[in-house]
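J.: Sharing run08.cif here; it has mmCIF, N, CA and C atoms.
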data_entry
#
loop_
_atom_site.label_atom_id
_atom_site.label_comp_id
_atom_site.auth_asym_id
_atom_site.auth_seq_id
_atom_site.Cartn_x
_atom_site.Cartn_y
_atom_site.Cartn_z
N MET A 1 0.82 -1.19 0.00
CA MET A 1 0.00 0.00 0.00
C MET A 1 0.86 1.26 0.00
N ALA A 2 1.91 1.26 0.84
CA ALA A 2 2.78 2.43 0.92
C ALA A 2 3.57 2.60 -0.37
N GLU A 3 3.96 1.48 -1.01
CA GLU A 3 4.71 1.57 -2.26
C GLU A 3 3.83 2.16 -3.38
N ALA A 4 2.57 1.84 -3.38
CA ALA A 4 1.66 2.39 -4.39
C ALA A 4 1.49 3.89 -4.20
N THR A 5 1.43 4.32 -2.95
CA THR A 5 1.29 5.76 -2.67
C THR A 5 2.57 6.49 -3.05
N LEU A 6 3.72 5.93 -2.73
CA LEU A 6 4.98 6.55 -3.10
C LEU A 6 5.17 6.58 -4.60
N GLY A 7 4.64 5.59 -5.29
CA GLY A 7 4.76 5.53 -6.74
C GLY A 7 4.06 6.69 -7.43
N LYS A 8 3.06 7.26 -6.78
CA LYS A 8 2.35 8.40 -7.37
C LYS A 8 3.21 9.66 -7.37
N TYR A 9 4.19 9.73 -6.48
CA TYR A 9 5.03 10.92 -6.36
C TYR A 9 6.29 10.86 -7.22
N VAL A 10 6.55 9.74 -7.86
CA VAL A 10 7.76 9.60 -8.68
C VAL A 10 7.79 10.61 -9.82
N PRO A 11 6.70 10.85 -10.56
CA PRO A 11 6.76 11.86 -11.63
C PRO A 11 7.04 13.27 -11.08
N ILE A 12 6.50 13.58 -9.92
CA ILE A 12 6.75 14.90 -9.33
C ILE A 12 8.21 15.03 -8.94
N LEU A 13 8.78 13.99 -8.34
CA LEU A 13 10.18 14.02 -7.96
C LEU A 13 11.09 14.10 -9.18
N MET A 14 10.71 13.39 -10.25
CA MET A 14 11.51 13.46 -11.48
C MET A 14 11.45 14.86 -12.08
N LEU A 15 10.29 15.49 -12.06
CA LEU A 15 10.15 16.84 -12.59
C LEU A 15 10.96 17.84 -11.75
N ALA A 16 10.94 17.68 -10.43
CA ALA A 16 11.73 18.57 -9.57
C ALA A 16 13.22 18.38 -9.83
N ALA A 17 13.66 17.14 -9.98
CA ALA A 17 15.07 16.89 -10.26
C ALA A 17 15.46 17.47 -11.62
N LEU A 18 14.60 17.31 -12.61
CA LEU A 18 14.87 17.89 -13.93
C LEU A 18 14.96 19.41 -13.85
N GLY A 19 14.10 20.03 -13.06
CA GLY A 19 14.14 21.47 -12.87
C GLY A 19 15.46 21.92 -12.26
N PHE A 20 15.91 21.22 -11.23
CA PHE A 20 17.19 21.56 -10.61
C PHE A 20 18.35 21.37 -11.58
N VAL A 21 18.32 20.32 -12.38
CA VAL A 21 19.38 20.08 -13.35
C VAL A 21 19.40 21.19 -14.40
N ILE A 22 18.24 21.59 -14.89
CA ILE A 22 18.19 22.66 -15.89
C ILE A 22 18.72 23.96 -15.32
N ILE A 23 18.33 24.29 -14.10
CA ILE A 23 18.83 25.52 -13.46
C ILE A 23 20.34 25.45 -13.27
N PHE A 24 20.84 24.33 -12.80
CA PHE A 24 22.28 24.17 -12.56
C PHE A 24 23.06 24.29 -13.87
N VAL A 25 22.58 23.62 -14.91
CA VAL A 25 23.27 23.66 -16.20
C VAL A 25 23.25 25.08 -16.77
N THR A 26 22.14 25.78 -16.65
CA THR A 26 22.05 27.14 -17.15
C THR A 26 23.02 28.06 -16.41
N LEU A 27 23.09 27.94 -15.10
CA LEU A 27 24.02 28.77 -14.33
C LEU A 27 25.47 28.45 -14.68
N MET A 28 25.78 27.20 -14.87
CA MET A 28 27.15 26.85 -15.21
C MET A 28 27.52 27.32 -16.61
N LEU A 29 26.57 27.24 -17.55
CA LEU A 29 26.85 27.72 -18.90
C LEU A 29 27.09 29.22 -18.91
N THR A 30 26.37 29.98 -18.11
CA THR A 30 26.62 31.42 -18.07
C THR A 30 27.99 31.71 -17.48
N LYS A 31 28.45 30.93 -16.54
CA LYS A 31 29.81 31.11 -16.01
C LYS A 31 30.86 30.80 -17.06
N LEU A 32 30.62 29.79 -17.89
CA LEU A 32 31.59 29.41 -18.90
C LEU A 32 31.63 30.40 -20.06
N VAL A 33 30.50 30.97 -20.43
CA VAL A 33 30.42 31.83 -21.60
C VAL A 33 30.69 33.29 -21.26
N ALA A 34 30.55 33.68 -20.01
CA ALA A 34 30.70 35.08 -19.61
C ALA A 34 32.12 35.58 -19.90
N PRO A 35 32.25 36.88 -20.23
CA PRO A 35 33.59 37.43 -20.51
C PRO A 35 34.43 37.43 -19.23
N ARG A 36 35.72 37.11 -19.42
CA ARG A 36 36.62 37.04 -18.27
C ARG A 36 37.13 38.42 -17.87
N ARG A 37 37.33 39.30 -18.84
CA ARG A 37 37.83 40.65 -18.57
C ARG A 37 36.82 41.67 -19.06
N PRO A 38 35.89 42.04 -18.20
CA PRO A 38 34.89 43.01 -18.64
C PRO A 38 35.50 44.38 -18.89
N THR A 39 34.98 45.07 -19.88
CA THR A 39 35.49 46.40 -20.23
C THR A 39 34.84 47.46 -19.35
N ALA A 40 35.34 48.70 -19.46
CA ALA A 40 34.78 49.79 -18.68
C ALA A 40 33.34 50.08 -19.11
N GLY A 41 33.05 49.95 -20.38
CA GLY A 41 31.68 50.15 -20.86
C GLY A 41 30.73 49.10 -20.32
N PHE A 42 31.21 47.89 -20.17
CA PHE A 42 30.40 46.82 -19.63
C PHE A 42 30.11 47.05 -18.15
N LEU A 43 31.04 47.60 -17.42
CA LEU A 43 30.88 47.83 -16.00
C LEU A 43 30.13 49.12 -15.67
N SER A 44 29.88 49.97 -16.67
CA SER A 44 29.17 51.21 -16.39
C SER A 44 27.71 50.93 -16.07
N THR A 45 27.07 51.91 -15.43
CA THR A 45 25.69 51.74 -15.02
C THR A 45 24.77 51.59 -16.22
N TYR A 46 24.94 52.47 -17.21
CA TYR A 46 24.10 52.43 -18.42
C TYR A 46 25.02 52.27 -19.62
N GLU A 47 24.63 51.39 -20.51
CA GLU A 47 25.43 51.16 -21.70
C GLU A 47 24.88 51.93 -22.89
N SER A 48 23.97 52.88 -22.66
CA SER A 48 23.35 53.59 -23.77
C SER A 48 24.09 54.88 -24.12
N GLY A 49 25.20 55.14 -23.49
CA GLY A 49 25.96 56.34 -23.79
C GLY A 49 25.70 57.48 -22.82
N GLU A 50 24.68 57.34 -21.98
CA GLU A 50 24.39 58.37 -20.98
C GLU A 50 25.31 58.19 -19.79
N VAL A 51 25.87 59.29 -19.33
CA VAL A 51 26.75 59.24 -18.16
C VAL A 51 25.88 59.39 -16.92
N PRO A 52 25.96 58.44 -15.98
CA PRO A 52 25.14 58.53 -14.78
C PRO A 52 25.57 59.71 -13.90
N VAL A 53 24.59 60.39 -13.32
CA VAL A 53 24.86 61.53 -12.46
C VAL A 53 24.32 61.22 -11.08
N GLY A 54 25.13 61.34 -10.06
CA GLY A 54 24.69 61.14 -8.69
C GLY A 54 24.59 59.67 -8.33
N ASN A 55 24.06 59.45 -7.15
CA ASN A 55 23.91 58.10 -6.62
C ASN A 55 22.50 57.60 -6.90
N ALA A 56 22.37 56.40 -7.34
CA ALA A 56 21.06 55.82 -7.65
C ALA A 56 20.34 55.35 -6.41
N ARG A 57 21.01 55.29 -5.30
CA ARG A 57 20.41 54.78 -4.06
C ARG A 57 19.89 55.92 -3.19
N GLY A 58 18.99 56.69 -3.73
CA GLY A 58 18.41 57.80 -2.99
C GLY A 58 17.21 57.34 -2.18
N PRO A 59 16.75 58.18 -1.29
CA PRO A 59 15.57 57.82 -0.50
C PRO A 59 14.30 57.81 -1.36
N ILE A 60 13.42 56.91 -1.03
CA ILE A 60 12.15 56.81 -1.74
C ILE A 60 11.08 57.44 -0.88
N ASP A 61 10.25 58.27 -1.49
CA ASP A 61 9.20 58.97 -0.76
C ASP A 61 8.15 57.97 -0.27
N VAL A 62 7.66 58.18 0.93
CA VAL A 62 6.66 57.30 1.52
C VAL A 62 5.34 57.39 0.76
N GLN A 63 5.13 58.48 0.05
CA GLN A 63 3.89 58.68 -0.70
C GLN A 63 3.65 57.53 -1.69
N TYR A 64 4.71 56.99 -2.29
CA TYR A 64 4.56 55.87 -3.22
C TYR A 64 3.95 54.66 -2.50
N TYR A 65 4.41 54.40 -1.30
CA TYR A 65 3.90 53.26 -0.54
C TYR A 65 2.43 53.45 -0.17
N LEU A 66 2.05 54.67 0.15
CA LEU A 66 0.65 54.92 0.49
C LEU A 66 -0.25 54.67 -0.70
N TYR A 67 0.19 55.09 -1.89
CA TYR A 67 -0.60 54.82 -3.09
C TYR A 67 -0.70 53.31 -3.33
N VAL A 68 0.36 52.60 -3.13
CA VAL A 68 0.35 51.15 -3.35
C VAL A 68 -0.60 50.47 -2.38
N ILE A 69 -0.60 50.89 -1.13
CA ILE A 69 -1.48 50.27 -0.14
C ILE A 69 -2.94 50.52 -0.50
N VAL A 70 -3.28 51.75 -0.87
CA VAL A 70 -4.67 52.05 -1.26
C VAL A 70 -5.05 51.25 -2.49
N PHE A 71 -4.14 51.13 -3.45
CA PHE A 71 -4.40 50.35 -4.66
C PHE A 71 -4.64 48.88 -4.31
N LEU A 72 -3.85 48.32 -3.41
CA LEU A 72 -4.02 46.92 -3.03
C LEU A 72 -5.34 46.69 -2.32
N VAL A 73 -5.75 47.62 -1.48
CA VAL A 73 -7.04 47.48 -0.80
C VAL A 73 -8.17 47.44 -1.82
N ILE A 74 -8.11 48.31 -2.82
CA ILE A 74 -9.15 48.32 -3.85
C ILE A 74 -9.11 47.03 -4.67
N ASP A 75 -7.92 46.52 -4.96
CA ASP A 75 -7.82 45.25 -5.69
C ASP A 75 -8.39 44.09 -4.88
N ILE A 76 -8.08 44.06 -3.61
CA ILE A 76 -8.59 42.97 -2.77
C ILE A 76 -10.11 43.05 -2.66
N GLU A 77 -10.63 44.27 -2.62
CA GLU A 77 -12.08 44.42 -2.61
C GLU A 77 -12.67 43.84 -3.89
N ALA A 78 -12.05 44.08 -5.02
CA ALA A 78 -12.54 43.54 -6.29
C ALA A 78 -12.47 42.02 -6.29
N VAL A 79 -11.45 41.47 -5.68
CA VAL A 79 -11.32 40.00 -5.62
C VAL A 79 -12.47 39.40 -4.83
N PHE A 80 -12.93 40.10 -3.80
CA PHE A 80 -14.07 39.60 -3.04
C PHE A 80 -15.41 39.90 -3.71
N LEU A 81 -15.49 40.96 -4.48
CA LEU A 81 -16.75 41.32 -5.12
C LEU A 81 -17.11 40.41 -6.28
N ILE A 82 -16.12 39.92 -7.01
CA ILE A 82 -16.41 39.11 -8.20
C ILE A 82 -17.10 37.80 -7.85
N PRO A 83 -16.58 37.00 -6.90
CA PRO A 83 -17.31 35.76 -6.57
C PRO A 83 -18.69 36.04 -5.97
N TRP A 84 -18.79 37.12 -5.19
CA TRP A 84 -20.09 37.48 -4.62
C TRP A 84 -21.09 37.81 -5.72
N ALA A 85 -20.64 38.55 -6.73
CA ALA A 85 -21.53 38.92 -7.82
C ALA A 85 -21.97 37.69 -8.62
N LEU A 86 -21.08 36.71 -8.74
CA LEU A 86 -21.43 35.50 -9.48
C LEU A 86 -22.48 34.66 -8.76
N ARG A 87 -22.48 34.70 -7.43
CA ARG A 87 -23.42 33.91 -6.62
C ARG A 87 -24.48 34.77 -5.94
N PHE A 88 -24.71 35.96 -6.46
CA PHE A 88 -25.62 36.91 -5.82
C PHE A 88 -27.01 36.33 -5.62
N ALA A 89 -27.54 35.67 -6.63
CA ALA A 89 -28.90 35.15 -6.57
C ALA A 89 -29.04 34.07 -5.50
N LYS A 90 -28.02 33.25 -5.32
CA LYS A 90 -28.10 32.16 -4.35
C LYS A 90 -27.86 32.64 -2.92
N LEU A 91 -27.15 33.75 -2.76
CA LEU A 91 -26.84 34.23 -1.41
C LEU A 91 -28.02 34.94 -0.76
N GLY A 92 -28.83 35.58 -1.54
CA GLY A 92 -30.01 36.22 -1.01
C GLY A 92 -29.71 37.49 -0.24
N ALA A 93 -30.61 37.83 0.67
CA ALA A 93 -30.52 39.08 1.42
C ALA A 93 -29.33 39.06 2.38
N ALA A 94 -29.02 37.93 2.96
CA ALA A 94 -27.89 37.85 3.90
C ALA A 94 -26.57 38.18 3.19
N GLY A 95 -26.42 37.68 1.98
CA GLY A 95 -25.21 38.00 1.21
C GLY A 95 -25.13 39.46 0.84
N LEU A 96 -26.27 40.06 0.55
CA LEU A 96 -26.31 41.49 0.23
C LEU A 96 -25.92 42.33 1.44
N VAL A 97 -26.43 41.97 2.61
CA VAL A 97 -26.10 42.72 3.83
C VAL A 97 -24.62 42.56 4.17
N GLU A 98 -24.11 41.35 4.07
CA GLU A 98 -22.69 41.13 4.38
C GLU A 98 -21.79 41.91 3.43
N MET A 99 -22.11 41.94 2.14
CA MET A 99 -21.28 42.67 1.20
C MET A 99 -21.43 44.17 1.40
N ALA A 100 -22.61 44.63 1.78
CA ALA A 100 -22.79 46.05 2.07
C ALA A 100 -21.93 46.47 3.27
N ILE A 101 -21.85 45.63 4.28
CA ILE A 101 -20.99 45.91 5.43
C ILE A 101 -19.53 45.94 5.00
N PHE A 102 -19.13 44.98 4.18
CA PHE A 102 -17.74 44.92 3.70
C PHE A 102 -17.38 46.16 2.89
N VAL A 103 -18.23 46.52 1.94
CA VAL A 103 -17.96 47.69 1.10
C VAL A 103 -17.98 48.96 1.96
N GLY A 104 -18.89 49.01 2.93
CA GLY A 104 -18.94 50.16 3.83
C GLY A 104 -17.66 50.32 4.62
N LEU A 105 -17.10 49.21 5.12
CA LEU A 105 -15.84 49.28 5.86
C LEU A 105 -14.68 49.70 4.96
N VAL A 106 -14.67 49.21 3.73
CA VAL A 106 -13.61 49.61 2.80
C VAL A 106 -13.73 51.10 2.48
N LEU A 107 -14.94 51.58 2.24
CA LEU A 107 -15.14 53.00 1.96
C LEU A 107 -14.80 53.86 3.16
N LEU A 108 -15.08 53.37 4.37
CA LEU A 108 -14.70 54.09 5.58
C LEU A 108 -13.19 54.21 5.69
N GLY A 109 -12.47 53.14 5.38
CA GLY A 109 -11.00 53.19 5.38
C GLY A 109 -10.46 54.11 4.31
N TRP A 110 -11.10 54.10 3.14
CA TRP A 110 -10.68 54.98 2.05
C TRP A 110 -10.90 56.45 2.42
N ALA A 111 -12.05 56.73 3.05
CA ALA A 111 -12.33 58.11 3.48
C ALA A 111 -11.32 58.55 4.55
N TYR A 112 -10.95 57.64 5.43
CA TYR A 112 -9.95 57.97 6.45
C TYR A 112 -8.61 58.30 5.80
N ALA A 113 -8.20 57.50 4.82
CA ALA A 113 -6.94 57.76 4.12
C ALA A 113 -7.01 59.09 3.38
N TRP A 114 -8.16 59.40 2.80
CA TRP A 114 -8.34 60.65 2.09
C TRP A 114 -8.28 61.84 3.05
N LYS A 115 -8.91 61.69 4.20
CA LYS A 115 -8.91 62.76 5.20
C LYS A 115 -7.51 63.02 5.74
N LYS A 116 -6.72 61.97 5.91
CA LYS A 116 -5.35 62.10 6.42
C LYS A 116 -4.39 62.63 5.36
N GLY A 117 -4.83 62.74 4.11
CA GLY A 117 -3.98 63.27 3.05
C GLY A 117 -3.12 62.23 2.37
N ALA A 118 -3.45 60.95 2.53
CA ALA A 118 -2.66 59.89 1.92
C ALA A 118 -2.79 59.86 0.41
N LEU A 119 -3.87 60.46 -0.12
CA LEU A 119 -4.09 60.42 -1.55
C LEU A 119 -3.69 61.71 -2.25
N GLU A 120 -3.19 62.66 -1.51
CA GLU A 120 -2.75 63.93 -2.11
C GLU A 120 -1.27 63.86 -2.39
N TRP A 121 -0.92 64.24 -3.62
CA TRP A 121 0.48 64.19 -4.03
C TRP A 121 1.20 65.45 -3.55
N GLN A 122 2.34 65.23 -2.91
CA GLN A 122 3.12 66.37 -2.42
C GLN A 122 4.39 66.45 -3.25
N SER A 123 4.70 67.67 -3.78
CA SER A 123 5.89 67.81 -4.60
C SER A 123 7.09 68.13 -3.78
#
Output the file's structure as structure tokens, nothing else.

T.:
Amino acid sequence: MAEATLGKYVPILMLAALGFVIIFVTLMLTKLVAPRRPTAGFLSTYESGEVPVGNARGPIDVQYYLYVIVFLVIDIEAVFLIPWALRFAKLGAAGLVEMAIFVGLVLLGWAYAWKKGALEWQS
């Protein structure tokens, strides 16, 4: 019985081993083919002829993160609204009330973020 169960996992193990072999071979081929003495142009930040100015590791404004968080909340709301809309007829009034509470809470959070100025761009 145990041998029959283990036999079902042999294709998965073979696929995992094949994946590791492909990754290993690809990494080794890049080591073999890569140039041994890179030129100054190869080591520069941009190879398009533009000379880089300043340091690329500057601080990132928190405003970007606030926009991302608001965007993710709206996306997650859409993820919950789609299955609800597909089963709206079967859920009945209870499903409508539950979704109204959910949307109300999301709108309350959005209004709070708007009031705090999270959605206003500062230059």

J.: What is the atom N of Pro59 in chain A to CA of Glu120 in chain A distance in Å?

T.: 20.3 Å

J.: If DSSP is run on the backbone, what residues of chain A are helix (DSSP H, G or I)? A reply as number ranges by chain would be ideal.

T.: A: 2-7, 10-33, 40-43, 62-86, 88-115

J.: Any chance you could resolve the PyMOL selection byres (((chain A and resi 67 and name CA) around 12) and name CA) against this file and give the residues as a ChimeraX atom specification?

T.: /A:61-66,68-74,110,113-114,117-121

J.: Tell me which of A:Ala40, A:Pro83, A:Ala89, A:Glu77 sits closest to Gly109 in chain A, counting only C-alpha atoms.

T.: A:Glu77

J.: Could you check how far CA of Val33 in chain A sits from CA of Met14 in chain A, in Å to one decimal?

T.: 28.2 Å

J.: Quick one: pull the distance between atom N of Asn55 in chain A and atom N of Pro38 in chain A, Å, one decimal.

T.: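 Separating atom N of Asn55 in chain A from atom N of Pro38 in chain A is a distance of 23.8 Å.
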